[in-house]
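As provided, start_21.tsv (TSV, C-alpha atoms and all ligand atoms) reads as follows.
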chain	number	residue	atom	x	y	z
X	148	MET	CA	-46.45	-12.60	-50.77
X	149	THR	CA	-42.76	-11.78	-50.35
X	150	TRP	CA	-40.87	-12.10	-47.08
X	151	GLY	CA	-37.93	-9.81	-46.34
X	152	ILE	CA	-35.51	-11.57	-43.99
X	153	ILE	CA	-32.75	-9.55	-42.32
X	154	GLY	CA	-29.77	-10.71	-40.29
X	155	ALA	CA	-26.94	-8.47	-39.10
X	156	MET	CA	-24.02	-10.90	-39.32
X	157	ASP	CA	-23.16	-13.35	-42.07
X	158	SER	CA	-23.61	-16.28	-39.65
X	159	GLU	CA	-27.20	-15.14	-39.02
X	160	VAL	CA	-28.24	-15.45	-42.68
X	161	ALA	CA	-25.79	-18.09	-44.00
X	162	LEU	CA	-28.12	-21.09	-43.57
X	163	LEU	CA	-31.04	-19.21	-45.17
X	164	ARG	CA	-28.96	-18.01	-48.11
X	165	ASP	CA	-27.41	-21.47	-48.64
X	166	SER	CA	-30.81	-23.20	-48.45
X	167	MET	CA	-32.70	-20.89	-50.83
X	168	GLU	CA	-32.96	-21.03	-54.59
X	169	VAL	CA	-31.45	-17.70	-55.62
X	170	GLU	CA	-33.01	-16.20	-58.77
X	171	ARG	CA	-30.89	-13.05	-58.76
X	172	THR	CA	-29.07	-10.63	-56.50
X	173	GLU	CA	-29.23	-6.83	-56.29
X	174	GLU	CA	-26.78	-4.41	-54.68
X	175	ILE	CA	-28.29	-1.30	-53.07
X	176	SER	CA	-26.51	1.07	-50.65
X	177	GLY	CA	-23.69	-1.44	-50.23
X	178	LEU	CA	-25.95	-4.37	-49.28
X	179	THR	CA	-26.57	-7.51	-51.35
X	180	TYR	CA	-30.19	-8.65	-51.60
X	181	TYR	CA	-30.65	-12.38	-52.41
X	182	ILE	CA	-33.98	-12.76	-54.21
X	183	GLY	CA	-35.56	-16.19	-54.69
X	184	THR	CA	-37.56	-18.93	-52.98
X	185	LEU	CA	-37.12	-20.71	-49.67
X	186	CYS	CA	-39.35	-23.42	-48.19
X	187	GLY	CA	-42.05	-22.68	-50.77
X	188	GLN	CA	-42.15	-18.89	-50.18
X	189	LYS	CA	-40.83	-15.90	-52.12
X	190	VAL	CA	-38.05	-14.38	-50.02
X	191	ILE	CA	-35.40	-11.70	-50.06
X	192	VAL	CA	-32.54	-12.51	-47.69
X	193	VAL	CA	-30.02	-9.85	-46.73
X	194	CYS	CA	-27.16	-9.29	-44.29
X	195	CYS	CA	-27.45	-5.67	-43.10
X	196	SER	CA	-24.39	-5.46	-40.77
X	197	ILE	CA	-24.68	-4.49	-37.13
X	198	GLY	CA	-26.52	-1.59	-35.53
X	199	LYS	CA	-29.77	0.30	-35.75
X	200	VAL	CA	-29.04	2.51	-38.77
X	201	ASN	CA	-27.70	-0.35	-40.91
X	202	ALA	CA	-30.83	-2.33	-40.04
X	203	ALA	CA	-33.07	0.65	-40.85
X	204	ILE	CA	-31.40	1.27	-44.25
X	205	CYS	CA	-31.98	-2.38	-45.09
X	206	ALA	CA	-35.57	-2.59	-43.84
X	207	GLN	CA	-36.53	0.62	-45.65
X	208	THR	CA	-35.05	-0.70	-48.91
X	209	LEU	CA	-37.01	-3.95	-48.51
X	210	ALA	CA	-40.16	-1.89	-47.93
X	211	ALA	CA	-39.80	0.86	-50.55
X	212	VAL	CA	-37.81	-0.81	-53.35
X	213	PHE	CA	-38.80	-4.47	-53.05
X	214	LYS	CA	-42.24	-3.87	-51.52
X	215	VAL	CA	-42.05	-6.91	-49.23
X	216	ASP	CA	-45.23	-8.00	-47.43
X	217	ARG	CA	-43.56	-9.35	-44.28
X	218	LEU	CA	-40.37	-8.46	-42.41
X	219	VAL	CA	-38.42	-10.88	-40.21
X	220	ASN	CA	-35.29	-10.02	-38.24
X	221	VAL	CA	-33.36	-13.14	-37.30
X	222	GLY	CA	-30.23	-13.71	-35.23
X	223	VAL	CA	-28.67	-13.92	-31.79
X	224	ALA	CA	-29.08	-11.88	-28.59
X	225	GLY	CA	-27.84	-11.42	-25.05
X	226	ALA	CA	-30.18	-12.93	-22.44
X	227	LEU	CA	-31.57	-10.53	-19.82
X	228	ASP	CA	-34.36	-12.59	-18.25
X	229	GLU	CA	-32.91	-14.98	-15.69
X	230	ARG	CA	-35.05	-17.91	-16.93
X	231	LEU	CA	-33.20	-17.89	-20.27
X	232	ARG	CA	-30.37	-20.30	-21.08
X	233	ILE	CA	-27.90	-20.23	-23.95
X	234	PHE	CA	-29.66	-21.25	-27.22
X	235	ASP	CA	-33.18	-20.53	-25.88
X	236	VAL	CA	-35.24	-18.50	-28.34
X	237	VAL	CA	-37.15	-15.26	-27.79
X	238	VAL	CA	-39.95	-14.24	-30.15
X	239	SER	CA	-40.57	-10.49	-29.99
X	240	GLU	CA	-43.89	-9.18	-28.72
X	241	LYS	CA	-42.74	-5.56	-28.36
X	242	LEU	CA	-39.45	-3.79	-29.04
X	243	CYS	CA	-37.88	-0.49	-28.04
X	244	TYR	CA	-34.47	1.22	-27.98
X	245	HIS	CA	-32.54	1.02	-24.70
X	246	ASP	CA	-30.13	3.83	-25.66
X	247	ALA	CA	-32.56	6.60	-26.59
X	248	ASP	CA	-34.68	9.18	-24.75
X	249	LEU	CA	-38.06	7.54	-25.31
X	250	ASP	CA	-39.96	10.49	-23.74
X	251	ILE	CA	-38.80	12.71	-26.62
X	252	PHE	CA	-39.91	10.08	-29.15
X	253	GLU	CA	-43.34	10.01	-27.50
X	254	ARG	CA	-43.73	13.80	-27.62
X	255	ASN	CA	-42.89	14.07	-31.33
X	256	PRO	CA	-44.39	12.55	-34.52
X	257	PRO	CA	-45.22	9.73	-34.96
X	258	PHE	CA	-45.54	9.70	-31.10
X	259	VAL	CA	-44.31	6.12	-30.79
X	260	SER	CA	-41.53	4.74	-28.62
X	261	GLU	CA	-42.30	1.03	-28.81
X	262	TYR	CA	-42.99	-1.26	-31.78
X	263	ALA	CA	-45.43	-4.18	-31.51
X	264	ALA	CA	-44.74	-7.27	-33.57
X	265	ASP	CA	-47.55	-8.68	-35.68
X	266	LYS	CA	-49.64	-11.10	-33.59
X	267	ASP	CA	-50.10	-13.64	-36.42
X	268	MET	CA	-46.38	-13.68	-37.14
X	269	VAL	CA	-45.62	-14.10	-33.43
X	270	ARG	CA	-48.01	-17.06	-33.31
X	271	LEU	CA	-46.42	-18.58	-36.44
X	272	ALA	CA	-42.93	-18.15	-34.96
X	273	GLU	CA	-44.04	-19.78	-31.69
X	274	GLN	CA	-45.58	-22.71	-33.59
X	275	ALA	CA	-42.34	-23.08	-35.58
X	276	CYS	CA	-40.31	-23.03	-32.33
X	277	GLU	CA	-42.49	-25.67	-30.71
X	278	LYS	CA	-42.07	-27.91	-33.76
X	279	ILE	CA	-38.28	-27.93	-33.68
X	280	ALA	CA	-37.32	-26.90	-30.14
X	281	GLY	CA	-37.01	-30.44	-28.70
X	282	THR	CA	-34.50	-30.70	-25.88
X	283	ASP	CA	-31.97	-28.29	-27.38
X	284	PHE	CA	-33.74	-25.04	-26.54
X	285	ARG	CA	-36.98	-23.53	-25.26
X	286	CYS	CA	-39.10	-20.71	-26.67
X	287	PHE	CA	-40.23	-17.54	-24.84
X	288	GLY	CA	-42.21	-14.50	-25.93
X	289	GLY	CA	-41.62	-10.99	-24.65
X	290	ARG	CA	-39.96	-7.62	-25.02
X	291	ILE	CA	-36.68	-7.20	-26.89
X	292	VAL	CA	-34.54	-4.07	-26.55
X	293	SER	CA	-32.01	-2.80	-29.11
X	294	GLY	CA	-29.09	-0.38	-28.90
X	295	ASP	CA	-25.86	0.52	-30.65
X	296	ARG	CA	-23.54	-1.36	-28.34
X	297	PHE	CA	-22.69	-4.90	-27.30
X	298	VAL	CA	-23.83	-5.23	-23.68
X	299	SER	CA	-21.01	-6.95	-21.80
X	300	GLU	CA	-21.02	-5.51	-18.27
X	301	ASN	CA	-23.18	-6.57	-15.34
X	302	ALA	CA	-23.85	-2.93	-14.36
X	303	GLU	CA	-25.14	-2.04	-17.85
X	304	LYS	CA	-27.24	-5.20	-17.87
X	305	GLN	CA	-28.85	-4.29	-14.54
X	306	ARG	CA	-29.63	-0.76	-15.76
X	307	ILE	CA	-31.40	-2.11	-18.86
X	308	VAL	CA	-33.29	-4.77	-16.91
X	309	GLY	CA	-34.42	-2.22	-14.29
X	310	GLN	CA	-35.57	0.27	-16.90
X	311	PHE	CA	-37.27	-1.97	-19.49
X	312	HIS	CA	-37.77	-5.49	-18.03
X	313	PRO	CA	-36.92	-7.12	-21.38
X	314	MET	CA	-36.22	-10.74	-22.25
X	315	CYS	CA	-33.08	-10.00	-24.26
X	316	VAL	CA	-30.88	-7.36	-25.89
X	317	GLU	CA	-29.52	-7.03	-29.41
X	318	MET	CA	-28.60	-4.27	-31.84
X	319	GLU	CA	-31.15	-4.15	-34.69
X	320	GLY	CA	-34.63	-5.50	-33.91
X	321	ALA	CA	-36.31	-2.28	-32.75
X	322	ALA	CA	-35.00	-0.42	-35.81
X	323	VAL	CA	-36.54	-3.08	-38.08
X	324	GLY	CA	-39.78	-2.75	-36.08
X	325	HIS	CA	-39.62	1.04	-36.36
X	326	VAL	CA	-39.31	0.90	-40.17
X	327	ALA	CA	-41.95	-1.85	-40.42
X	328	ALA	CA	-44.39	0.29	-38.40
X	329	ALA	CA	-43.72	3.38	-40.55
X	330	ASN	CA	-44.46	1.32	-43.68
X	331	LYS	CA	-47.34	-0.67	-42.12
X	332	ILE	CA	-45.62	-3.99	-42.77
X	333	PRO	CA	-46.21	-6.90	-40.34
X	334	PHE	CA	-42.96	-7.97	-38.68
X	335	VAL	CA	-41.44	-10.22	-36.06
X	336	VAL	CA	-37.98	-10.60	-34.50
X	337	ILE	CA	-36.60	-14.04	-33.61
X	338	ARG	CA	-33.45	-14.29	-31.49
X	339	SER	CA	-31.53	-17.21	-30.02
X	340	MET	CA	-29.40	-16.56	-26.93
X	341	SER	CA	-25.63	-16.46	-27.48
X	342	ASP	CA	-24.63	-14.93	-24.11
X	343	GLY	CA	-25.90	-13.42	-20.88
X	344	ALA	CA	-25.10	-9.76	-21.70
X	345	ASP	CA	-22.86	-9.78	-18.61
X	346	ASP	CA	-19.14	-9.66	-17.81
X	347	ASN	CA	-18.66	-13.01	-19.65
X	348	ALA	CA	-20.65	-11.98	-22.72
X	349	GLY	CA	-17.69	-11.63	-25.09
X	350	MET	CA	-16.35	-15.15	-24.51
X	351	SER	CA	-19.82	-16.68	-24.53
X	352	PHE	CA	-20.71	-14.91	-27.78
X	353	ASP	CA	-17.56	-16.18	-29.51
X	354	GLU	CA	-18.33	-19.75	-28.45
X	355	PHE	CA	-22.10	-19.95	-28.92
X	356	ALA	CA	-23.18	-17.35	-31.52
X	357	PRO	CA	-22.67	-19.61	-34.60
X	358	LYS	CA	-24.94	-22.39	-33.26
X	359	ALA	CA	-27.45	-19.90	-31.81
X	360	ALA	CA	-27.66	-18.17	-35.21
X	361	GLU	CA	-28.42	-21.52	-36.84
X	362	HIS	CA	-31.30	-22.15	-34.38
X	363	SER	CA	-33.06	-18.91	-35.22
X	364	ALA	CA	-32.53	-19.42	-38.97
X	365	LYS	CA	-34.10	-22.90	-38.68
X	366	ILE	CA	-37.12	-21.37	-36.95
X	367	VAL	CA	-37.57	-18.92	-39.83
X	368	MET	CA	-37.45	-21.81	-42.31
X	369	GLU	CA	-40.08	-23.67	-40.29
X	370	MET	CA	-42.22	-20.51	-40.25
X	371	LEU	CA	-42.04	-20.30	-44.04
X	372	LYS	CA	-43.16	-23.94	-44.30
X	373	LEU	CA	-46.11	-23.37	-41.93
X	374	ALA	CA	-47.22	-20.08	-43.56
X	401	LIG	N1	-26.20	-9.72	-29.55
X	401	LIG	C1	-25.81	-10.87	-28.96
X	401	LIG	N2	-25.40	-10.64	-27.71
X	401	LIG	C2	-25.52	-9.31	-27.51
X	401	LIG	C3	-25.23	-8.45	-26.42
X	401	LIG	N3	-24.74	-8.96	-25.27
X	401	LIG	N4	-25.45	-7.12	-26.55
X	401	LIG	C4	-25.94	-6.64	-27.71
X	401	LIG	N5	-26.22	-7.40	-28.78
X	401	LIG	C5	-26.02	-8.72	-28.68
Turn this file's structure into structure tokens for me.
Amino acid sequence: MTWGIIGAMDSEVALLRDSMEVERTEEISGLTYYIGTLCGQKVIVVCCSIGKVNAAICAQTLAAVFKVDRLVNVGVAGALDERLRIFDVVVSEKLCYHDADLDIFERNPPFVSEYAADKDMVRLAEQACEKIAGTDFRCFGGRIVSGDRFVSENAEKQRIVGQFHPMCVEMEGAAVGHVAAANKIPFVVIRSMSDGADDNAGMSFDEFAPKAAEHSAKIVMEMLKLA
């Protein structure tokens, strides 16, 4: 069983890459795939860069070239649910795009506008969270939305919340889910909150994203140990 683990920014995969035993690397479409073992599991760790298409290129390569059995997208997100605090973790149940016309997606093949994470992987991620959460952060499950922009205005935040009622927003998860669904690969997205996707999001992101990224990477490592 091989796990494909995708993060968009270097800080989101650094701990995983540094902790794994790398057997070899491969360069495909400008991305470097780190192939080896981590916490007793075969893994391929890769930094895909930001945005939906970069994430899709990466996920499709993991599916078609490396034939991974599981996909995990790990990283940080902007909090949309008011219960969430900085560093809290959201495990995806469902994902969709917040910057697309989902009605058109639903009326055309494959007639899907929302991607459901694998229930067993969600459970594993929640167990991993509970094991290491402690007092630092709490774990929530729910909907994650993705789009090709950094949400940093209250008005935009309110529009997304009103339309989708999600827990958090980021820029890749739904694209990974989309590719995983097309290839029938179980997947989950794990995100730690770096900001509130509001007028202060930029400053908050700069201050908290490195530590938030480390939290979600630690949860992935705990998942691999529990699997
Ligand atoms: N990732 C982390 N914070 C984000 C935000 N506010 N918008 C989009 N992606 C993010």
Closest pair table for region 189-279 of chain X residues within 10 Å of region 347-358 of chain X, all atoms listed in the file, as CSV:
residue,atom,partner,partner_atom,distance
X:Gly222,CA,X:Ala356,CA,8.8
X:Val223,CA,X:Ala356,CA,6.5
X:Ala224,CA,X:Ala356,CA,8.6
X:Gly225,CA,X:Ala348,CA,7.6
X:Ala226,CA,X:Ala348,CA,9.6
X:Ile233,CA,X:Phe355,CA,7.6
X:Phe234,CA,X:Lys358,CA,7.7
task = Output the neighbourhood of ligand LIG 401 (chain X) as a list in words, that is, all protein and nucleic acid residues with some atom at most 6 Å from the ligand, counting all atoms listed in the file.
result =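 Answer in the requested format: Val223, Ala224, Gly225, Arg296, Phe297, Val298, Ser299, Val316, Glu317, Met318, Ser341, Asp342, Ala344 and Ala348 of chain X.
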Output for the residues just chosen: C-alpha atoms as a short mmCIF file (atom, residue, chain, number, x, y, z; two decimals), keeping the file's coordinate frame:
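Below is the file that was written, result_3.cif:
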data_model
loop_
_atom_site.label_atom_id
_atom_site.label_comp_id
_atom_site.auth_asym_id
_atom_site.auth_seq_id
_atom_site.Cartn_x
_atom_site.Cartn_y
_atom_site.Cartn_z
CA VAL X 223 -28.67 -13.92 -31.79
CA ALA X 224 -29.08 -11.88 -28.59
CA GLY X 225 -27.84 -11.42 -25.05
CA ARG X 296 -23.54 -1.36 -28.34
CA PHE X 297 -22.69 -4.90 -27.30
CA VAL X 298 -23.83 -5.23 -23.68
CA SER X 299 -21.01 -6.95 -21.80
CA VAL X 316 -30.88 -7.36 -25.89
CA GLU X 317 -29.52 -7.03 -29.41
CA MET X 318 -28.60 -4.27 -31.84
CA SER X 341 -25.63 -16.46 -27.48
CA ASP X 342 -24.63 -14.93 -24.11
CA ALA X 344 -25.10 -9.76 -21.70
CA ALA X 348 -20.65 -11.98 -22.72
#
Å distance separating CA of Asp265 (chain X) from CA of Leu178 (chain X), one decimal place =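 Separation of CA of Asp265 (chain X) and CA of Leu178 (chain X): 25.9 Å.
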request  = Mind checking which residues fall within 6 Å of region 206-216 of chain X, counting all atoms listed in the file, ignoring those fewer than 2 positions away in the same chain, and posting them as a ChimeraX atom specification?
outcome  = /X:148-151,203-204,323
request  = Quick one: pull the distance between CA of Ala264 (chain X) and CA of Ala302 (chain X), Å, one decimal.
outcome  =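 Going from CA of Ala264 (chain X) over to CA of Ala302 (chain X) covers 28.7 Å.
We find CA of Ala272 (chain X) and CA of Asn201 (chain X) to be spaced 24.2 Å apart.
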query = Near Tyr262 (chain X), counting all atoms listed in the file, which residues have an atom at most 10 Å away, once you skip same-chain residues fewer than 2 positions from it, shown as JSON, numbers by chain?
reply = {"X": [239, 240, 241, 242, 243, 244, 259, 260, 264, 265, 290, 291, 320, 321, 322, 323, 324, 325, 326, 327, 328, 329, 334]}
What does the file look like for those residues with C-alpha atoms, as a PDB file, keeping the file's coordinate frame?
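To be explicit, this is the file written out as result_11.pdb:
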ATOM      1  CA  SER X 239     -40.570 -10.490 -29.990  1.00  0.00           C
ATOM      2  CA  GLU X 240     -43.890  -9.180 -28.720  1.00  0.00           C
ATOM      3  CA  LYS X 241     -42.740  -5.560 -28.360  1.00  0.00           C
ATOM      4  CA  LEU X 242     -39.450  -3.790 -29.040  1.00  0.00           C
ATOM      5  CA  CYS X 243     -37.880  -0.490 -28.040  1.00  0.00           C
ATOM      6  CA  TYR X 244     -34.470   1.220 -27.980  1.00  0.00           C
ATOM      7  CA  VAL X 259     -44.310   6.120 -30.790  1.00  0.00           C
ATOM      8  CA  SER X 260     -41.530   4.740 -28.620  1.00  0.00           C
ATOM      9  CA  ALA X 264     -44.740  -7.270 -33.570  1.00  0.00           C
ATOM     10  CA  ASP X 265     -47.550  -8.680 -35.680  1.00  0.00           C
ATOM     11  CA  ARG X 290     -39.960  -7.620 -25.020  1.00  0.00           C
ATOM     12  CA  ILE X 291     -36.680  -7.200 -26.890  1.00  0.00           C
ATOM     13  CA  GLY X 320     -34.630  -5.500 -33.910  1.00  0.00           C
ATOM     14  CA  ALA X 321     -36.310  -2.280 -32.750  1.00  0.00           C
ATOM     15  CA  ALA X 322     -35.000  -0.420 -35.810  1.00  0.00           C
ATOM     16  CA  VAL X 323     -36.540  -3.080 -38.080  1.00  0.00           C
ATOM     17  CA  GLY X 324     -39.780  -2.750 -36.080  1.00  0.00           C
ATOM     18  CA  HIS X 325     -39.620   1.040 -36.360  1.00  0.00           C
ATOM     19  CA  VAL X 326     -39.310   0.900 -40.170  1.00  0.00           C
ATOM     20  CA  ALA X 327     -41.950  -1.850 -40.420  1.00  0.00           C
ATOM     21  CA  ALA X 328     -44.390   0.290 -38.400  1.00  0.00           C
ATOM     22  CA  ALA X 329     -43.720   3.380 -40.550  1.00  0.00           C
ATOM     23  CA  PHE X 334     -42.960  -7.970 -38.680  1.00  0.00           C
TER      24      PHE X 334
END
Given 6 Å on each side, where is the centre and what are the edge lengths in Å to one decimal of the axis-aligned box enclosing the listed atoms of region 209-218 of chain X, as AutoDock Vina command-line options?
--center_x -41.1 --center_y -4.2 --center_z -47.9 --size_x 20.2 --size_y 22.2 --size_z 22.9
task = Select, from X:Gly187, X:Gly294, X:Pro257, X:Gly289, the residue with the minimum atom-to-atom distance to Lys199 (chain X), counting all atoms listed in the file.
result = X:Gly294
request  = Considering all atoms listed in the file, state which residue in the set X:Ile191, X:Cys276, X:Leu231, X:Ile197 is at the smallest distance from Asp157 (chain X).
outcome  =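 The closest residue to Asp157 (chain X) is X:Ile197.
Counting all atoms listed in the file, Val236 (chain X) has the following residues at most 8 Å away, ignoring those fewer than 5 positions along the same chain: X:Cys276, X:Phe284, X:Arg285, X:Cys286, X:Phe287, X:Ile337, X:Arg338, X:Ser339, X:Met340, X:Ser363.
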query = Which is closer to Leu227 (chain X) than all the others in X:Leu373, X:Val308, X:Cys186, X:Ile152, using all atoms listed in the file?
reply =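 Smallest distance to Leu227 (chain X) is found for X:Val308.
Residue nearest Phe311 (chain X), chosen from X:Ile182, X:Val335, X:Leu249, X:Leu271 and counting only C-alpha atoms: X:Leu249.
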task = Fewer than 4 positions away in the same chain doesn't count, so skip those; otherwise give me all residues within 7 Å of Gly198 (chain X), counting all atoms listed in the file, as a PyMOL selection string.
result = chain X and resi 202+295+318-319
